[in-house]
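What follows is the content of my_file_4.cif, which has mmCIF, C-alpha atoms and all ligand atoms:
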```
data_run
#
loop_
_atom_site.label_atom_id
_atom_site.label_comp_id
_atom_site.auth_asym_id
_atom_site.auth_seq_id
_atom_site.Cartn_x
_atom_site.Cartn_y
_atom_site.Cartn_z
CA MET A 1 82.78 19.45 186.58
CA GLU A 2 80.63 16.42 187.22
CA GLU A 3 83.37 14.03 186.37
CA ILE A 4 86.86 14.83 187.37
CA GLN A 5 88.45 11.53 186.87
CA SER A 6 91.67 9.81 186.39
CA GLN A 7 92.19 6.15 185.90
CA SER A 8 95.92 6.07 186.22
CA ASP A 9 97.33 3.39 188.47
CA ASN A 10 99.82 5.94 189.78
CA TYR A 11 97.03 7.48 191.77
CA ARG A 12 96.42 4.37 193.81
CA SER A 13 97.50 5.15 197.30
CA SER A 14 99.07 3.36 200.17
CA SER A 15 98.09 4.31 203.67
CA SER A 16 101.30 2.98 205.03
CA SER A 17 103.48 5.01 203.11
CA ALA A 18 85.96 32.03 213.29
CA SER A 19 86.39 35.60 213.66
CA SER A 20 84.22 37.69 216.04
CA PRO A 21 80.42 37.78 215.70
CA ALA A 22 79.60 39.96 212.73
CA SER A 23 77.03 42.65 213.27
CA ARG A 24 73.81 41.97 211.57
CA VAL A 25 72.69 44.23 208.78
CA PRO A 26 68.99 44.72 209.51
CA SER A 27 66.48 43.73 206.86
CA SER A 28 69.18 42.57 204.48
CA ASN A 29 70.24 39.21 203.29
CA PHE A 30 73.97 39.86 203.71
CA PHE A 31 75.58 38.24 206.71
CA TYR A 32 78.86 39.90 206.11
CA LEU A 33 80.57 42.72 207.90
CA ARG A 34 82.75 44.46 205.38
CA LYS A 35 86.22 45.36 206.48
CA PRO A 36 87.08 49.02 205.91
CA GLY A 37 88.71 49.32 202.53
CA SER A 38 87.93 45.73 201.65
CA LEU A 39 87.05 45.17 198.03
CA ARG A 40 85.76 41.69 198.57
CA GLN A 41 82.31 40.90 197.39
CA PRO A 42 79.87 40.08 200.21
CA ILE A 43 78.34 36.64 200.22
CA SER A 44 74.63 36.65 199.62
CA PHE A 45 72.43 34.12 201.35
CA GLU A 46 69.18 34.60 199.48
CA ASP A 47 66.88 32.86 201.92
CA SER A 48 68.76 33.56 205.11
CA PRO A 49 66.76 32.93 208.24
CA GLU A 50 66.87 36.21 210.09
CA TRP A 51 68.02 36.27 213.66
CA GLU A 52 65.43 38.87 214.57
CA ASP A 53 62.53 36.44 214.42
CA THR A 54 61.53 37.16 217.99
CA ASP A 55 57.86 36.89 217.11
CA VAL A 56 58.21 33.37 215.76
CA GLU A 57 57.12 30.79 218.21
CA VAL A 58 59.23 27.75 217.49
CA ARG A 59 57.92 24.49 218.78
CA VAL A 60 58.57 20.88 218.16
CA GLU A 61 55.74 18.95 216.62
CA GLU A 62 54.77 15.94 218.66
CA GLY A 63 56.04 12.87 216.93
CA GLY A 64 57.38 14.98 214.10
CA ASP A 65 60.91 14.64 212.89
CA SER A 66 61.59 17.89 211.10
CA ILE A 67 62.56 21.30 212.37
CA ASN A 68 59.36 23.24 212.48
CA ALA A 69 58.42 26.74 213.32
CA ALA A 70 54.84 27.26 214.36
CA THR A 71 53.58 30.68 213.68
CA THR A 72 50.45 32.73 213.77
CA PRO A 73 49.17 34.61 210.71
CA ALA A 74 50.47 37.85 212.15
CA SER A 75 54.12 36.93 211.87
CA PRO A 76 55.71 39.27 209.36
CA SER A 77 59.28 38.12 209.71
CA LEU A 78 58.50 34.45 209.23
CA SER A 79 56.25 35.07 206.27
CA LYS A 80 59.12 37.02 204.76
CA LEU A 81 61.42 34.19 205.59
CA ASN A 82 59.21 31.70 203.81
CA SER A 83 58.39 33.61 200.69
CA GLY A 84 61.04 36.20 200.14
CA SER A 85 59.59 39.69 200.07
CA LEU A 86 56.01 38.64 199.25
CA PRO A 87 53.56 38.36 202.15
CA SER A 88 52.49 34.76 202.68
CA PRO A 89 48.81 33.80 202.82
CA PRO A 90 47.40 33.44 206.35
CA LEU A 91 47.95 30.02 207.83
CA PRO A 92 45.40 28.09 209.85
CA GLU A 93 45.96 28.51 213.56
CA GLY A 94 48.54 26.11 214.93
CA ALA A 95 49.80 25.09 211.51
CA ALA A 96 53.45 24.18 211.42
CA VAL A 97 55.73 25.56 208.75
CA ALA A 98 58.98 23.78 208.04
CA ARG A 99 61.81 26.18 208.76
CA LYS A 100 63.88 26.68 205.68
CA ILE A 101 67.57 26.86 206.29
CA ALA A 102 69.25 28.72 203.49
CA GLY A 103 72.06 26.61 202.24
CA ALA A 104 74.93 27.99 200.24
CA SER A 105 76.61 26.59 197.18
CA VAL A 106 80.29 25.94 197.77
CA VAL A 107 82.63 25.45 194.84
CA TRP A 108 86.32 24.66 195.07
CA LYS A 109 88.54 25.02 192.05
CA ASP A 110 92.10 23.78 191.56
CA LEU A 111 92.61 23.49 195.29
CA THR A 112 96.14 22.49 196.23
CA VAL A 113 97.52 22.33 199.77
CA THR A 114 101.05 21.90 201.07
CA ILE A 115 101.92 21.67 204.73
CA LYS A 116 105.16 22.78 206.31
CA GLY A 117 107.01 20.09 208.19
CA LYS A 118 109.97 20.73 210.46
CA ARG A 119 112.07 22.24 207.70
CA ARG A 120 110.28 22.62 204.41
CA TYR A 121 106.88 22.47 202.83
CA SER A 122 105.74 18.94 202.15
CA ASP A 123 104.70 17.56 198.82
CA LYS A 124 101.17 18.41 197.91
CA VAL A 125 98.75 16.91 200.41
CA VAL A 126 95.82 17.87 198.18
CA LYS A 127 96.44 18.21 194.44
CA SER A 128 94.29 20.36 192.15
CA SER A 129 90.97 19.27 193.58
CA ASN A 130 87.74 20.46 191.97
CA GLY A 131 84.20 20.00 193.19
CA TYR A 132 81.12 21.57 194.63
CA ALA A 133 78.47 21.15 197.32
CA LEU A 134 74.91 22.36 196.81
CA PRO A 135 72.20 23.43 199.28
CA GLY A 136 70.02 20.60 200.52
CA THR A 137 72.54 17.91 199.59
CA MET A 138 75.16 15.76 201.28
CA THR A 139 78.56 15.74 199.64
CA VAL A 140 81.10 13.31 200.99
CA ILE A 141 84.88 13.35 200.70
CA MET A 142 85.96 9.74 200.76
CA GLY A 143 89.30 8.00 200.54
CA PRO A 144 91.82 5.78 202.29
CA ALA A 145 93.67 6.88 205.43
CA LYS A 146 96.05 9.84 204.93
CA SER A 147 94.65 10.58 201.49
CA GLY A 148 94.07 14.24 202.42
CA LYS A 149 90.34 14.19 203.24
CA SER A 150 90.52 16.32 206.39
CA THR A 151 92.99 18.70 204.77
CA LEU A 152 90.67 19.25 201.80
CA LEU A 153 87.69 19.80 204.11
CA ARG A 154 89.68 22.31 206.17
CA ALA A 155 90.88 24.08 203.04
CA ILE A 156 87.33 24.51 201.76
CA ALA A 157 86.15 25.74 205.17
CA GLY A 158 89.12 28.12 205.44
CA ARG A 159 90.41 26.42 208.58
CA LEU A 160 93.84 25.25 207.54
CA PRO A 161 96.61 25.49 210.15
CA HIS A 162 99.16 28.30 209.81
CA SER A 163 101.72 25.80 208.62
CA ALA A 164 99.66 25.08 205.50
CA ARG A 165 99.68 26.87 202.17
CA MET A 166 96.65 26.79 199.95
CA TYR A 167 96.48 27.51 196.22
CA GLY A 168 93.27 27.67 194.22
CA GLU A 169 89.89 29.21 194.84
CA VAL A 170 86.80 28.60 196.94
CA PHE A 171 83.53 30.29 195.97
CA VAL A 172 80.55 30.58 198.29
CA ASN A 173 77.35 31.50 196.48
CA GLY A 174 79.56 32.64 193.62
CA ALA A 175 81.61 35.03 195.74
CA LYS A 176 85.30 34.44 196.33
CA SER A 177 85.26 35.37 199.96
CA GLU A 178 85.73 33.80 203.37
CA MET A 179 82.54 32.63 204.99
CA PRO A 180 81.52 35.02 207.74
CA TYR A 181 81.09 34.05 211.36
CA GLY A 182 77.91 32.13 211.99
CA SER A 183 77.31 31.23 208.38
CA TYR A 184 79.06 27.89 208.65
CA GLY A 185 79.76 25.27 211.26
CA PHE A 186 82.79 23.03 211.50
CA VAL A 187 82.62 19.88 213.58
CA GLU A 188 86.01 18.47 214.50
CA ARG A 189 86.55 14.76 214.83
CA GLU A 190 87.15 15.01 218.57
CA THR A 191 86.12 17.96 220.70
CA THR A 192 85.74 18.33 224.43
CA LEU A 193 82.25 18.30 225.87
CA ILE A 194 81.35 19.46 229.37
CA GLY A 195 80.51 16.21 231.11
CA SER A 196 78.87 17.77 234.16
CA LEU A 197 76.08 19.38 232.10
CA THR A 198 73.03 17.82 230.53
CA VAL A 199 72.74 17.93 226.74
CA ARG A 200 70.19 20.76 226.91
CA GLU A 201 72.27 22.77 229.41
CA TYR A 202 75.39 22.31 227.30
CA LEU A 203 73.69 23.48 224.12
CA TYR A 204 72.14 26.44 225.89
CA TYR A 205 75.52 27.34 227.32
CA SER A 206 77.00 27.10 223.81
CA ALA A 207 74.20 29.30 222.46
CA LEU A 208 74.94 31.90 225.14
CA LEU A 209 78.59 31.93 224.12
CA GLN A 210 78.12 31.81 220.38
CA LEU A 211 75.07 33.88 219.61
CA PRO A 212 75.13 37.66 219.69
CA GLY A 213 73.68 39.41 222.75
CA PHE A 214 70.64 40.78 220.98
CA PHE A 215 69.48 37.35 219.95
CA CYS A 216 66.62 36.41 222.25
CA GLN A 217 65.52 33.13 220.76
CA ARG A 218 68.26 31.00 222.24
CA LYS A 219 65.93 28.51 223.89
CA ASN A 220 64.08 27.90 220.65
CA VAL A 221 67.32 27.54 218.77
CA VAL A 222 68.54 24.98 221.30
CA GLU A 223 65.28 23.01 221.06
CA ASP A 224 65.60 23.09 217.28
CA ALA A 225 69.13 21.75 217.44
CA ILE A 226 68.11 18.99 219.87
CA HIS A 227 65.26 17.98 217.61
CA ALA A 228 67.28 18.19 214.41
CA MET A 229 69.89 15.84 215.85
CA SER A 230 67.28 13.41 217.26
CA LEU A 231 68.52 14.04 220.79
CA SER A 232 65.12 14.53 222.46
CA ASP A 233 65.49 11.33 224.53
CA TYR A 234 68.88 12.45 225.80
CA ALA A 235 68.18 16.16 226.30
CA ASN A 236 68.01 15.93 230.09
CA LYS A 237 70.75 13.35 230.50
CA LEU A 238 74.20 14.24 231.71
CA ILE A 239 76.85 14.16 229.01
CA GLY A 240 79.21 12.49 231.49
CA GLY A 241 82.30 10.66 230.38
CA HIS A 242 84.60 12.16 233.02
CA CYS A 243 86.14 10.59 236.15
CA TYR A 244 84.12 7.46 236.88
CA MET A 245 80.89 8.69 235.40
CA LYS A 246 79.59 6.76 232.41
CA GLY A 247 79.03 9.09 229.48
CA LEU A 248 76.53 9.23 226.67
CA PRO A 249 77.07 6.62 223.95
CA CYS A 250 79.56 7.55 221.22
CA GLY A 251 76.91 8.25 218.56
CA GLU A 252 74.96 10.59 220.84
CA ARG A 253 78.11 12.44 221.85
CA ARG A 254 78.90 12.95 218.19
CA ARG A 255 75.40 14.28 217.59
CA VAL A 256 75.75 16.66 220.54
CA ARG A 257 78.89 18.06 218.88
CA ILE A 258 76.97 18.63 215.65
CA ALA A 259 74.00 20.14 217.54
CA ARG A 260 76.42 22.61 219.14
CA GLU A 261 77.19 23.96 215.67
CA LEU A 262 73.51 23.96 214.71
CA VAL A 263 72.63 26.56 217.34
CA MET A 264 74.21 29.06 214.95
CA ARG A 265 71.82 27.93 212.21
CA PRO A 266 74.68 27.56 209.75
CA HIS A 267 74.17 27.65 206.01
CA VAL A 268 76.99 25.19 205.45
CA LEU A 269 78.02 22.43 207.83
CA PHE A 270 81.45 20.79 207.59
CA ILE A 271 81.95 17.59 209.57
CA ASP A 272 85.21 15.72 209.88
CA GLU A 273 84.47 11.99 210.05
CA PRO A 274 80.92 11.94 211.49
CA LEU A 275 81.06 8.12 211.54
CA TYR A 276 84.41 7.84 213.30
CA HIS A 277 84.28 4.95 215.82
CA LEU A 278 80.54 4.42 215.36
CA ASP A 279 78.96 0.99 215.07
CA SER A 280 76.80 0.29 212.01
CA VAL A 281 73.47 1.13 213.69
CA SER A 282 74.73 4.42 215.15
CA ALA A 283 76.33 5.23 211.79
CA LEU A 284 73.04 4.71 209.98
CA LEU A 285 71.14 6.78 212.56
CA MET A 286 73.71 9.54 212.24
CA MET A 287 73.43 9.59 208.47
CA VAL A 288 69.63 9.53 208.45
CA THR A 289 69.69 12.46 210.89
CA LEU A 290 72.12 14.35 208.67
CA LYS A 291 70.01 13.59 205.62
CA LYS A 292 66.99 15.10 207.38
CA LEU A 293 69.07 18.13 208.22
CA ALA A 294 70.15 18.47 204.59
CA SER A 295 66.54 18.24 203.48
CA THR A 296 65.83 21.49 205.35
CA GLY A 297 68.17 23.25 202.92
CA CYS A 298 71.52 23.16 204.71
CA THR A 299 74.63 22.32 202.67
CA LEU A 300 76.46 19.37 204.19
CA LEU A 301 80.05 18.48 203.38
CA PHE A 302 81.89 15.83 205.34
CA THR A 303 84.69 13.31 205.21
CA ILE A 304 84.29 9.60 205.61
CA ASN A 305 86.61 6.64 205.56
CA GLN A 306 84.19 3.96 204.51
CA SER A 307 80.50 3.20 204.85
CA SER A 308 77.92 0.47 204.63
CA THR A 309 75.72 0.13 201.54
CA GLU A 310 72.72 1.69 203.32
CA VAL A 311 74.75 4.69 204.38
CA PHE A 312 76.31 5.04 200.95
CA GLY A 313 72.84 5.20 199.39
CA LEU A 314 72.13 8.40 201.34
CA PHE A 315 74.98 10.43 199.85
CA ASP A 316 74.26 12.79 196.97
CA ARG A 317 77.78 13.43 195.68
CA ILE A 318 81.11 11.87 196.28
CA CYS A 319 84.63 13.25 196.00
CA LEU A 320 86.99 10.31 195.92
CA LEU A 321 90.55 11.04 197.00
CA SER A 322 93.68 8.99 196.81
CA ASN A 323 97.11 10.32 197.68
CA GLY A 324 95.67 13.84 197.47
CA ASN A 325 94.40 13.31 193.91
CA THR A 326 90.72 13.67 193.16
CA LEU A 327 89.95 10.45 191.33
CA PHE A 328 86.28 11.15 190.92
CA PHE A 329 83.81 13.88 191.70
CA GLY A 330 80.15 13.51 190.92
CA GLU A 331 76.94 11.78 191.89
CA THR A 332 77.22 8.49 193.72
CA LEU A 333 75.50 6.47 190.98
CA ALA A 334 77.81 7.99 188.39
CA CYS A 335 80.75 6.85 190.52
CA LEU A 336 79.53 3.25 190.34
CA GLN A 337 79.18 3.59 186.59
CA HIS A 338 82.62 5.17 186.34
CA PHE A 339 84.30 2.25 188.12
CA SER A 340 82.29 -0.21 186.09
CA ASN A 341 83.42 1.47 182.84
CA ALA A 342 87.00 1.36 184.06
CA GLY A 343 86.75 -2.41 184.46
CA PHE A 344 85.99 -2.55 188.17
CA PRO A 345 82.24 -3.30 188.47
CA CYS A 346 81.03 -3.39 192.05
CA PRO A 347 80.27 -6.99 193.12
CA ILE A 348 76.65 -7.49 194.16
CA MET A 349 77.38 -8.40 197.76
CA GLN A 350 79.96 -5.68 198.37
CA SER A 351 79.48 -2.20 199.77
CA PRO A 352 80.29 0.37 197.06
CA SER A 353 82.55 2.34 199.40
CA ASP A 354 84.57 -0.80 200.24
CA HIS A 355 84.79 -1.57 196.55
CA PHE A 356 86.09 1.90 195.65
CA LEU A 357 88.64 1.87 198.43
CA ARG A 358 89.76 -1.57 197.44
CA ALA A 359 90.14 -0.54 193.82
CA ILE A 360 92.22 2.55 194.60
CA ASN A 361 94.29 1.33 197.53
CA THR A 362 97.43 -0.70 196.81
CA ASP A 363 97.52 -1.88 200.43
CA PHE A 364 94.79 -4.39 199.60
CA ASP A 365 96.95 -6.00 196.91
CA ARG A 366 99.87 -6.23 199.32
CA ILE A 367 97.74 -7.78 202.08
CA ILE A 368 96.13 -10.25 199.68
CA ALA A 369 99.60 -11.25 198.39
CA MET A 370 100.72 -11.68 202.02
CA CYS A 371 97.68 -13.89 202.76
CA LYS A 372 98.33 -16.01 199.68
CA SER A 373 102.00 -16.57 200.54
CA TRP A 374 101.02 -17.43 204.11
CA GLN A 375 98.45 -19.97 202.84
CA VAL A 376 101.04 -21.51 200.52
CA SER A 377 103.57 -21.81 203.33
CA GLN A 378 100.89 -23.36 205.59
CA THR A 379 100.00 -25.93 202.92
CA LYS A 380 103.68 -26.77 202.43
CA LEU A 381 104.12 -27.16 206.19
CA GLN A 382 101.10 -29.47 206.43
CA LEU A 383 102.39 -31.59 203.54
CA TYR A 384 105.83 -31.74 205.12
CA CYS A 385 104.37 -32.76 208.51
CA SER A 386 102.12 -35.44 207.01
CA HIS A 387 105.05 -36.88 204.94
CA GLY A 388 107.32 -36.71 207.95
CA LEU A 389 104.83 -38.63 210.12
CA ASN A 390 104.37 -41.27 207.44
N1 LIG A 401 99.24 19.79 210.49
C1 LIG A 401 99.92 18.90 209.76
N2 LIG A 401 101.26 18.89 209.78
C2 LIG A 401 101.97 18.03 209.03
N3 LIG A 401 101.42 17.13 208.21
C3 LIG A 401 100.09 17.07 208.15
C4 LIG A 401 99.25 17.95 208.92
N4 LIG A 401 97.96 17.67 208.64
C5 LIG A 401 97.98 16.65 207.75
N5 LIG A 401 99.25 16.30 207.45
C6 LIG A 401 99.65 15.25 206.52
O1 LIG A 401 98.82 15.33 205.38
C7 LIG A 401 98.46 14.03 204.93
C8 LIG A 401 96.97 13.93 204.80
O2 LIG A 401 96.40 14.07 206.10
P1 LIG A 401 94.85 14.15 206.35
O3 LIG A 401 94.62 14.17 207.83
O4 LIG A 401 94.28 15.26 205.56
O5 LIG A 401 94.35 12.79 205.72
P2 LIG A 401 93.02 11.99 206.00
O6 LIG A 401 92.66 11.36 204.72
O7 LIG A 401 92.02 12.86 206.66
O8 LIG A 401 93.56 10.88 206.98
P3 LIG A 401 92.79 10.12 208.14
O9 LIG A 401 91.60 9.46 207.51
O10 LIG A 401 93.80 9.14 208.62
O11 LIG A 401 92.44 11.15 209.12
C9 LIG A 401 99.03 13.03 205.93
O12 LIG A 401 100.18 12.45 205.38
C10 LIG A 401 99.38 13.87 207.12
O13 LIG A 401 100.53 13.37 207.75
#
```
Would you write the structure of this file as C-alpha cells?
Amino acid sequence: MEEIQSQSDNYRSSSSSASSPASRVPSSNFFYLRKPGSLRQPISFEDSPEWEDTDVEVRVEEGGDSINAATTPASPSLSKLNSGSLPSPPLPEGAAVARKIAGASVVWKDLTVTIKGKRRYSDKVVKSSNGYALPGTMTVIMGPAKSGKSTLLRAIAGRLPHSARMYGEVFVNGAKSEMPYGSYGFVERETTLIGSLTVREYLYYSALLQLPGFFCQRKNVVEDAIHAMSLSDYANKLIGGHCYMKGLPCGERRRVRIARELVMRPHVLFIDEPLYHLDSVSALLMMVTLKKLASTGCTLLFTINQSSTEVFGLFDRICLLSNGNTLFFGETLACLQHFSNAGFPCPIMQSPSDHFLRAINTDFDRIIAMCKSWQVSQTKLQLYCSHGLN
C-alpha cells in the first residue's frame, strides 16, 4: 500500500489539455444512526469525544497553543474521555488536559470516478486510486491543475456531484459505510462568510445551526475552534469583505472557514486547497496551525497544488496525482527517494513539490522548449541587427 507507483511517461499530465443531525446514542462510541433495515456496519470511533460533556469546563490556556480542556477531579465524562472506561487519577486543581480528538482511519481502494458531461460520461477523472489517511496525520493529495485532486477528495468524503459515478471502496475505521453527520468536516475552496458578523459571532451562529439542540457547550466549542485555528487576535473583528468594507486577510478568512467545520469536532477533516491564493507566510501559518490540529488526533486530508519546502516538510503522507493516475502514495521522504531512484533526484535548492510537479508535468518541457526557441530567435535577431548596422 505504501508505494503505489508508476514510472511510465504516459502518466505525465498536461494541464492545458450531510444528512440531518444523527441522534446520539448515549454512553456509546457509535455516532451512527442506523437506517431501518440497513445492514451496514456502524462506524466505531473508539475515543470519540462525547457531546454530553456539560460538566467539562473548557478554557484556553494563557499563552498556550493547544486545545485544552480544564477539568476538576470530579469530572466523570472527561476522565472517561481520556482513558476509555477506566477512571483517571485525580488531577491537581486547575491542571489542563489536552482534549483528544478521536481521528478515524480512512482507506480508499481502487477508487475510480467518471463525470457526466453534456451527453456522456467522461473518461476517468480519477483512475484506480489507492491510499489511506491515519488519525493524527496530515495526508496531502498533490498534483498539477486538473489532475483530479478535488474529485478524489470529494469521492473519499462522499461528496461527489450527482453527475459523477464512483467505483471502488472507501473504509472508515474498517467499515465500508458513509461517514455520519458531524463525524467529518469538508471545507470547500470558496465559501460565503457573513461579513457583517465578527469571527466569534459567526462561529457561534454556525454552532447554533450545526449542533444538535441538546448540546449546551456551544460557547466552549466556539472558543476551542478559535484557538485551534489561531484566530484569537481576530475573534472580535468583523469578517467584512462586502460592499466597501475591508475584510479579514485571505489567510484568516480561510482559517475561519476551517474553524466553522471544527465546531462539530470532526474526526476527519477534508480541505480543498487550504493554501489557495495564500502568500508564503500565510501558507506556512496555515500549515503549522493544521499540523497542531492533527497532533490532537484529528485525521487531516487535503489537496494542494504546490508548496514551499518548509510547508512540504510538515506533511506526513503524499498522494501524487497526474491525469487521474496515482503516481505515488506514501510518506513524503519515501516520495523523494522514489523520484531519486527513478532518475529524478531533487536538486538541493528546489522545493520537493516543485520538483515532483516538474517531473510529472509535460507542460514544463513545452514551456522550456518555447523559451529556448525564443532565446535562439532573439540571438539570431541581435546578430542580424549587428551585421546589418556594420
Ligand atoms: N462537475 C464536473 N463536471 C464536469 N467535469 C468536471 C467536474 N468536476 C471536475 N471535472 C473535470 O475533472 C477534471 C479534474 O478536475 P478536478 O477539479 O478534480 O481537478 P483538480 O486537480 O482539483 O484541478 P484544480 O487544481 O485546477 O482545481 C477536470 O478536467 C475537470 O474539468
Against ligand LIG 401 (chain A), which residues of chain A fall within 10 Å? For each one I want the closest pair of atoms and the distance in Å (one decimal), counting only C-alpha atoms and all ligand atoms, rows by chain and increasing residue number, as JSON lines.
```
{"residue": "A:Ser15", "atom": "CA", "partner": "A:LIG401", "partner_atom": "O10", "distance": 8.1}
{"residue": "A:Ser16", "atom": "CA", "partner": "A:LIG401", "partner_atom": "O12", "distance": 9.5}
{"residue": "A:Ser17", "atom": "CA", "partner": "A:LIG401", "partner_atom": "O12", "distance": 8.4}
{"residue": "A:Val113", "atom": "CA", "partner": "A:LIG401", "partner_atom": "O1", "distance": 9.1}
{"residue": "A:Thr114", "atom": "CA", "partner": "A:LIG401", "partner_atom": "O1", "distance": 8.2}
{"residue": "A:Ile115", "atom": "CA", "partner": "A:LIG401", "partner_atom": "C2", "distance": 5.6}
{"residue": "A:Lys116", "atom": "CA", "partner": "A:LIG401", "partner_atom": "C2", "distance": 6.3}
{"residue": "A:Gly117", "atom": "CA", "partner": "A:LIG401", "partner_atom": "C2", "distance": 5.5}
{"residue": "A:Lys118", "atom": "CA", "partner": "A:LIG401", "partner_atom": "C2", "distance": 8.6}
{"residue": "A:Tyr121", "atom": "CA", "partner": "A:LIG401", "partner_atom": "C2", "distance": 9.1}
{"residue": "A:Ser122", "atom": "CA", "partner": "A:LIG401", "partner_atom": "N3", "distance": 7.7}
{"residue": "A:Asp123", "atom": "CA", "partner": "A:LIG401", "partner_atom": "O1", "distance": 9.1}
{"residue": "A:Lys124", "atom": "CA", "partner": "A:LIG401", "partner_atom": "O1", "distance": 8.4}
{"residue": "A:Val125", "atom": "CA", "partner": "A:LIG401", "partner_atom": "O1", "distance": 5.2}
{"residue": "A:Val126", "atom": "CA", "partner": "A:LIG401", "partner_atom": "C8", "distance": 7.8}
{"residue": "A:Ile141", "atom": "CA", "partner": "A:LIG401", "partner_atom": "O6", "distance": 9.0}
{"residue": "A:Met142", "atom": "CA", "partner": "A:LIG401", "partner_atom": "O6", "distance": 7.9}
{"residue": "A:Gly143", "atom": "CA", "partner": "A:LIG401", "partner_atom": "O6", "distance": 6.3}
{"residue": "A:Pro144", "atom": "CA", "partner": "A:LIG401", "partner_atom": "O6", "distance": 6.1}
{"residue": "A:Ala145", "atom": "CA", "partner": "A:LIG401", "partner_atom": "O9", "distance": 3.9}
{"residue": "A:Lys146", "atom": "CA", "partner": "A:LIG401", "partner_atom": "O8", "distance": 3.4}
{"residue": "A:Ser147", "atom": "CA", "partner": "A:LIG401", "partner_atom": "O6", "distance": 3.9}
{"residue": "A:Gly148", "atom": "CA", "partner": "A:LIG401", "partner_atom": "O4", "distance": 3.3}
{"residue": "A:Lys149", "atom": "CA", "partner": "A:LIG401", "partner_atom": "O6", "distance": 3.9}
{"residue": "A:Ser150", "atom": "CA", "partner": "A:LIG401", "partner_atom": "O7", "distance": 3.8}
{"residue": "A:Thr151", "atom": "CA", "partner": "A:LIG401", "partner_atom": "O4", "distance": 3.8}
{"residue": "A:Leu152", "atom": "CA", "partner": "A:LIG401", "partner_atom": "O4", "distance": 6.6}
{"residue": "A:Leu153", "atom": "CA", "partner": "A:LIG401", "partner_atom": "O4", "distance": 8.1}
{"residue": "A:Arg154", "atom": "CA", "partner": "A:LIG401", "partner_atom": "O4", "distance": 8.4}
{"residue": "A:Ala155", "atom": "CA", "partner": "A:LIG401", "partner_atom": "O4", "distance": 9.8}
{"residue": "A:Leu160", "atom": "CA", "partner": "A:LIG401", "partner_atom": "N1", "distance": 8.2}
{"residue": "A:Pro161", "atom": "CA", "partner": "A:LIG401", "partner_atom": "N1", "distance": 6.3}
{"residue": "A:His162", "atom": "CA", "partner": "A:LIG401", "partner_atom": "N1", "distance": 8.5}
{"residue": "A:Ser163", "atom": "CA", "partner": "A:LIG401", "partner_atom": "N1", "distance": 6.8}
{"residue": "A:Ala164", "atom": "CA", "partner": "A:LIG401", "partner_atom": "N1", "distance": 7.3}
{"residue": "A:Arg189", "atom": "CA", "partner": "A:LIG401", "partner_atom": "O11", "distance": 9.0}
{"residue": "A:Asp272", "atom": "CA", "partner": "A:LIG401", "partner_atom": "O7", "distance": 8.1}
{"residue": "A:Glu273", "atom": "CA", "partner": "A:LIG401", "partner_atom": "O9", "distance": 8.0}
{"residue": "A:Tyr276", "atom": "CA", "partner": "A:LIG401", "partner_atom": "O9", "distance": 9.4}
{"residue": "A:Thr303", "atom": "CA", "partner": "A:LIG401", "partner_atom": "O7", "distance": 7.5}
{"residue": "A:Ile304", "atom": "CA", "partner": "A:LIG401", "partner_atom": "O9", "distance": 7.6}
{"residue": "A:Asn305", "atom": "CA", "partner": "A:LIG401", "partner_atom": "O9", "distance": 6.1}
{"residue": "A:Gln306", "atom": "CA", "partner": "A:LIG401", "partner_atom": "O9", "distance": 9.7}
{"residue": "A:Leu321", "atom": "CA", "partner": "A:LIG401", "partner_atom": "O6", "distance": 8.0}
{"residue": "A:Ser322", "atom": "CA", "partner": "A:LIG401", "partner_atom": "O6", "distance": 8.3}
{"residue": "A:Asn323", "atom": "CA", "partner": "A:LIG401", "partner_atom": "C8", "distance": 8.0}
{"residue": "A:Gly324", "atom": "CA", "partner": "A:LIG401", "partner_atom": "C8", "distance": 7.4}
```
Might you pull out every residue within 9 Å of Phe270 (chain A), with all atoms listed in the file counted and same-chain residues fewer than 5 positions away left off, and present them as an MDAnalysis selection string?
chainID A and resid 153:154 157 184:188 299:303
Export, as a short mmCIF file (atom, residue, chain, number, x, y, z; two decimals), in the frame of the given file, the selected residues with C-alpha atoms.
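Final file, again-v1.cif:
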```cif
data_model
loop_
_atom_site.label_atom_id
_atom_site.label_comp_id
_atom_site.auth_asym_id
_atom_site.auth_seq_id
_atom_site.Cartn_x
_atom_site.Cartn_y
_atom_site.Cartn_z
CA LEU A 153 87.69 19.80 204.11
CA ARG A 154 89.68 22.31 206.17
CA ALA A 157 86.15 25.74 205.17
CA TYR A 184 79.06 27.89 208.65
CA GLY A 185 79.76 25.27 211.26
CA PHE A 186 82.79 23.03 211.50
CA VAL A 187 82.62 19.88 213.58
CA GLU A 188 86.01 18.47 214.50
CA THR A 299 74.63 22.32 202.67
CA LEU A 300 76.46 19.37 204.19
CA LEU A 301 80.05 18.48 203.38
CA PHE A 302 81.89 15.83 205.34
CA THR A 303 84.69 13.31 205.21
#
```
Using all atoms listed in the file, which protein or nucleic acid residues come within 12 Å of Ala334 (chain A)? Drop anything in the same chain fewer than 2 positions from it, and give the result as a list of chain:residue names.
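The residues that qualify are A:Glu2, A:Glu3, A:Ile4, A:Gln5, A:Asp316, A:Arg317, A:Ile318, A:Cys319, A:Phe328, A:Phe329, A:Gly330, A:Glu331, A:Thr332, A:Leu336, A:Gln337, A:His338, A:Phe339, A:Ser340, A:Asn341, A:Pro352.
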Limited to C-alpha atoms, could you put the picked residues into a file as a compact mmCIF listing (two decimals), keeping the file's coordinate frame?
```
# COMPACT_ATOMS: atom_id res chain seq x y z
CA GLU A 2 80.63 16.42 187.22
CA GLU A 3 83.37 14.03 186.37
CA ILE A 4 86.86 14.83 187.37
CA GLN A 5 88.45 11.53 186.87
CA ASP A 316 74.26 12.79 196.97
CA ARG A 317 77.78 13.43 195.68
CA ILE A 318 81.11 11.87 196.28
CA CYS A 319 84.63 13.25 196.00
CA PHE A 328 86.28 11.15 190.92
CA PHE A 329 83.81 13.88 191.70
CA GLY A 330 80.15 13.51 190.92
CA GLU A 331 76.94 11.78 191.89
CA THR A 332 77.22 8.49 193.72
CA LEU A 336 79.53 3.25 190.34
CA GLN A 337 79.18 3.59 186.59
CA HIS A 338 82.62 5.17 186.34
CA PHE A 339 84.30 2.25 188.12
CA SER A 340 82.29 -0.21 186.09
CA ASN A 341 83.42 1.47 182.84
CA PRO A 352 80.29 0.37 197.06
```
What is the distance, in Å and to one decimal place, between CA of Ala259 (chain A) and CA of Leu211 (chain A)?
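Computed distance, CA of Ala259 (chain A) to CA of Leu211 (chain A), equals 13.9 Å.
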